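Below is one structure; the comments refer to it alone.
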Amino acid sequence: MKSFTYHRGGFARKPLIGALVAVWGLASALPAQAETEIEVLKRELAEQRVQLAEQRGLIQNLMAQQENQKKTVSSIEQKVAAAPVAAPVAPAAGSGSLLPKGMSIYGVLDGGVEHITNVKNGSATGSVTRMPGITGTVASRLGFKVSREIAPGINGIATLETGFNLDNGTLGQGGRVFGRQLYAGIDTAYGAFTIGRQYSMLIFAMDSDLLGPNIYALGSLDAYLPNARYDNSLAWKGKFGNVSLGATYSLARDSAGGAPGSGTCAGELPGAGSNSCRGWSAMAKYDAERFGVAAAVDEQKGGAGALVNFFNGSAPVAFTRAEDSDRRTHLGGYVKIGSGGKVGIGWLGRKVDVASGGIKSDAYYVEGAWQFNEKVSVDGGYHRITNKDQDRDADLVVLRGFYFVNKDFSPYLQFAHINNSDKAQYAVSVGAGVAPPAGGSQNSTMLGVRYRF
């Protein structure tokens with residue numbers, strides 16, 4: 001019994017001792033294993049810190065670049081805002097433009113409502129309020145200009161300009177499609193050479209006539225002036241420093257009655273005479289910085305269908321012979337005053353030689369203009385015409401004011417008064433049917449608007 005108990009007890013202690021040894025080994029291994037995992041975590045944390053630092057630097061670089069871009073854009077915007085505004089450039093042909101290369105479009109719409117006193121209408125006399133179609137301050141028009149280089153120093157040029165009546169949309173200048181101008185030619189260092197329907201050089205020499213084609217102006221006393229054009233004409237015009245020169249010659253000056261009250265003079269007819277319906281004009285002018293002077297001559301020859309009209313109530317005179325002549329001579333000058341003033345003076349002499357004899361008239365004018373600021377300007381003038389051969393004289397006074405909403409759009413208001421001698425019937429305004437009784441005076445007021453494009 002004693003031996004069995006001992007042996008059995010020996011067997012019971014061995015497993016217990018083995019278990020204790022295993023636990024001790026495990027406990028010894030734990031600190032080493034824990035230290036290894038901590039090292040790994042430390043390395044991972046260190047790597048993440050490096051990555052975060054790199055990302056932070058990248059973000060800072062991006063923010064710096066963005067700030068630089070903002071400064072650059074702001075600088076460009078400031079330069080653009082400070083730079084002068086250039087005129088818009090039409091797209092080149094083939095890049096979406098509907099116009100051929102070198103062509104531009106321009107135009108004017110000008111008209112208003114006027115009230116005229118003392119108008120003779122048959123046996124009745126009274127006032128009339130109307131919307132004149134012919135003009136306001138300038139005639140309404142639509143034009144096309146072309147200029148393209150065809151050789152070094154030489155440009156091919158052309159102008160197509162139609163005039164129309166703003167009140168009803170009808171064509172002006174005798175119903176022509178391009179009644180104001182229609183010509184083509186070349187522009188060189190020696191001047192422009194053109195052919196077609198063109199202005200008389202008389203127009204280019206009248207810079208001293210500050211009112212120009214206004215509805216109340218020198219054209220009220222001589223309606224040829226706003227309509228001085230030639231059909232079938234050859235022209236040359238050049239500018240050489242301060243000097244401008246020009247000449248026009250027409251083979252048949254008026255085929256559709258473009259000048260009021262002057263009939264037609266188609267010409268170019270066999271057996272009609274070499275001078276029948278011919279016309280010519282020439283001008284010379286000098287323009288300096290503060291002043292300018294000019295002279296011009298315009299002469300028309302008679303022919304079948306032609307008339308001479310002095311627009312003063314006298315009957316038109318037959319002008320049918322090739323040797324008949326109607327000559328206008330103009331001398332004028334202007335001077336600029338200060339930064340916004342200008343004064344012009346001039347003389348227009350007219351001499352008509354027909355079968356029944358000679359008729360002369362002389363017109364004088366003094367006009368002034370003042371630009372108060374970029375919004376308001378005022379101009380006007382005094383005009384006098386004398387015609388001893390027909391015993392008809394008149395005095396015309398005009399005052400006009402503009403308000404410029406911008407450089408292209410400007411409402412205006414103008415007044416005019418004309419005083420006729422006993423036999424004269426010069427009308428204050430243009431167009432048929434608005435003349436006063438013989439010796440009568442007239443007042444006229446017009447409120448209008450001019451839009452250029």
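We label chains A, B, ... in the order they appear in the structure tokens, count residues from 1 in each chain, and number ligands from 1 in the order shown.
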
Write out as a list in words the residues lying within 6 Å of range 212-215 of chain A, counting only C-alpha atoms and excluding same-chain residues fewer than 4 positions away.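 Residues near the query, excluding close chain neighbours: Thr135, Gly136, Thr137, Val138, Pro226 and Ser429 of chain A.
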
Would you output that residue set with C-alpha atoms, as a PDB file, in the first residue's frame?
ATOM      1  CA  THR A 135     -34.144 115.970 -93.927  1.00  0.00           C
ATOM      2  CA  GLY A 136     -33.820 117.171 -90.355  1.00  0.00           C
ATOM      3  CA  THR A 137     -30.239 118.168 -89.642  1.00  0.00           C
ATOM      4  CA  VAL A 138     -28.833 115.761 -92.241  1.00  0.00           C
ATOM      5  CA  PRO A 226     -27.852 119.792-100.625  1.00  0.00           C
ATOM      6  CA  SER A 429     -38.120 125.049 -94.904  1.00  0.00           C
TER       7      SER A 429
END

Compile the contact shell of Gly156 in chain A as number ranges by chain: residues with an atom at most 12 Å away, counting only C-alpha atoms, same-chain residues fewer than 2 positions apart removed. A: 101-103, 145-154, 158-159, 183-188, 192-194

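For the pair CA of Leu307 in chain A and CA of Asn275 in chain A, the interatomic distance is 15.8 Å.
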
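With only C-alpha atoms taken into account, the protein and nucleic acid residues at most 10 Å from Lys388 in chain A (excluding it and anything under 2 positions from it in its own chain) are Ile359, Lys360, Ser361, Asp362, Ile385, Thr386, Gln390, Asp391, Arg392 and Asp393 of chain A.
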
For CA of Thr264 in chain A and CA of Leu182 in chain A, determine how far apart the two atoms are, in Å to one decimal place.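 Computed distance, CA of Thr264 in chain A to CA of Leu182 in chain A, equals 18.5 Å.
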
Taking 6 positions as the minimum chain separation for residues in the same chain, which residues sit within 7 Å of His115 in chain A when counting only C-alpha atoms? Answer as a PDB file with C-alpha atoms, in the first residue's frame.
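Resulting contents of around-v5.pdb:
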ATOM      1  CA  VAL A 128     -48.903 123.633 -91.094  1.00  0.00           C
ATOM      2  CA  THR A 129     -47.536 120.986 -88.747  1.00  0.00           C
ATOM      3  CA  ARG A 130     -45.814 118.145 -90.560  1.00  0.00           C
ATOM      4  CA  SER A 444     -40.590 127.514 -88.171  1.00  0.00           C
ATOM      5  CA  THR A 445     -39.846 125.264 -85.200  1.00  0.00           C
ATOM      6  CA  MET A 446     -38.660 121.671 -85.338  1.00  0.00           C
TER       7      MET A 446
END

Shortest interatomic distance to Ala205 in chain A - which of A:Asn443, A:Ser127, A:Ser244, A:Ser421, counting only C-alpha atoms: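 For Ala205 in chain A, the nearest of the candidates is A:Ser244.
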
I need the strand (DSSP E) residues of range 291-359 of chain A per DSSP on the backbone, written as number ranges by chain. A: 291-301, 307-308, 317-318, 325-337, 341-354, 357-359

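You can rank A:Met201, A:Ala259, A:Leu142, A:Cys265 by their closest distance to Ala235 in chain A using only C-alpha atoms, and at the top of that list sits A:Met201.
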
Counting only C-alpha atoms, which residues in range 197-243 of chain A sit no more than 8 Å from range 327-351 of chain A? For each one, give the nearest pair of atoms and the distance in Å, sorted by chain then residue number, as a tab-separated table.
residue	atom	partner	partner_atom	distance
A:Leu202	CA	A:His330	CA	7.5
A:Ala205	CA	A:His330	CA	7.9
A:Met206	CA	A:Gly332	CA	6.9
A:Asp207	CA	A:Tyr334	CA	7.5
A:Ser208	CA	A:Gly344	CA	4.4
A:Asp209	CA	A:Gly344	CA	6.2
A:Leu210	CA	A:Gly344	CA	6.7

Gap from CA of Phe372 in chain A to CA of Gly401 in chain A - Å, one decimal: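 Straight-line distance from CA of Phe372 in chain A to CA of Gly401 in chain A works out to 10.7 Å.
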
Fewer than 2 positions away in the same chain doesn't count, so skip those; otherwise give me all residues within 10 Å of Val397 in chain A, counting only C-alpha atoms, as an MDAnalysis selection string. chainID A and resid 216:217 365:367 380:384 395 399 415:419 428 443

Would you list the contacts of Val317 in chain A as a list in words, taking every protein, DNA or RNA residue within 9 Å and counting only C-alpha atoms, but skipping same-chain residues closer than 3 positions in sequence? Ala306, Leu307, Val308, Asn309, Phe310, Ser314, Val354 and Ser356 of chain A

Could you save those same residues with C-alpha atoms as a PDB file, in the first residue's frame?
ATOM      1  CA  ALA A 306     -33.375 121.103-118.153  1.00  0.00           C
ATOM      2  CA  LEU A 307     -34.627 124.123-116.185  1.00  0.00           C
ATOM      3  CA  VAL A 308     -33.090 126.902-114.097  1.00  0.00           C
ATOM      4  CA  ASN A 309     -34.818 127.584-110.776  1.00  0.00           C
ATOM      5  CA  PHE A 310     -33.936 130.312-108.262  1.00  0.00           C
ATOM      6  CA  SER A 314     -40.194 133.311-109.931  1.00  0.00           C
ATOM      7  CA  VAL A 354     -29.622 131.583-121.089  1.00  0.00           C
ATOM      8  CA  SER A 356     -33.399 135.230-122.549  1.00  0.00           C
TER       9      SER A 356
END

For Phe144 in chain A, which residue out of A:Gln60, A:Thr248, A:Thr320, A:Thr162 is the nearest one, using only C-alpha atoms? A:Thr162

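Closest to Gly258 in chain A among A:Trp370, A:Tyr224, A:Phe311, A:Tyr106 is A:Tyr224, based on only C-alpha atoms.
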
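Closest approach to Gln425 in chain A among A:Lys120, A:Arg141, A:Lys239, A:Arg452 is made by A:Lys120 (distances from only C-alpha atoms).
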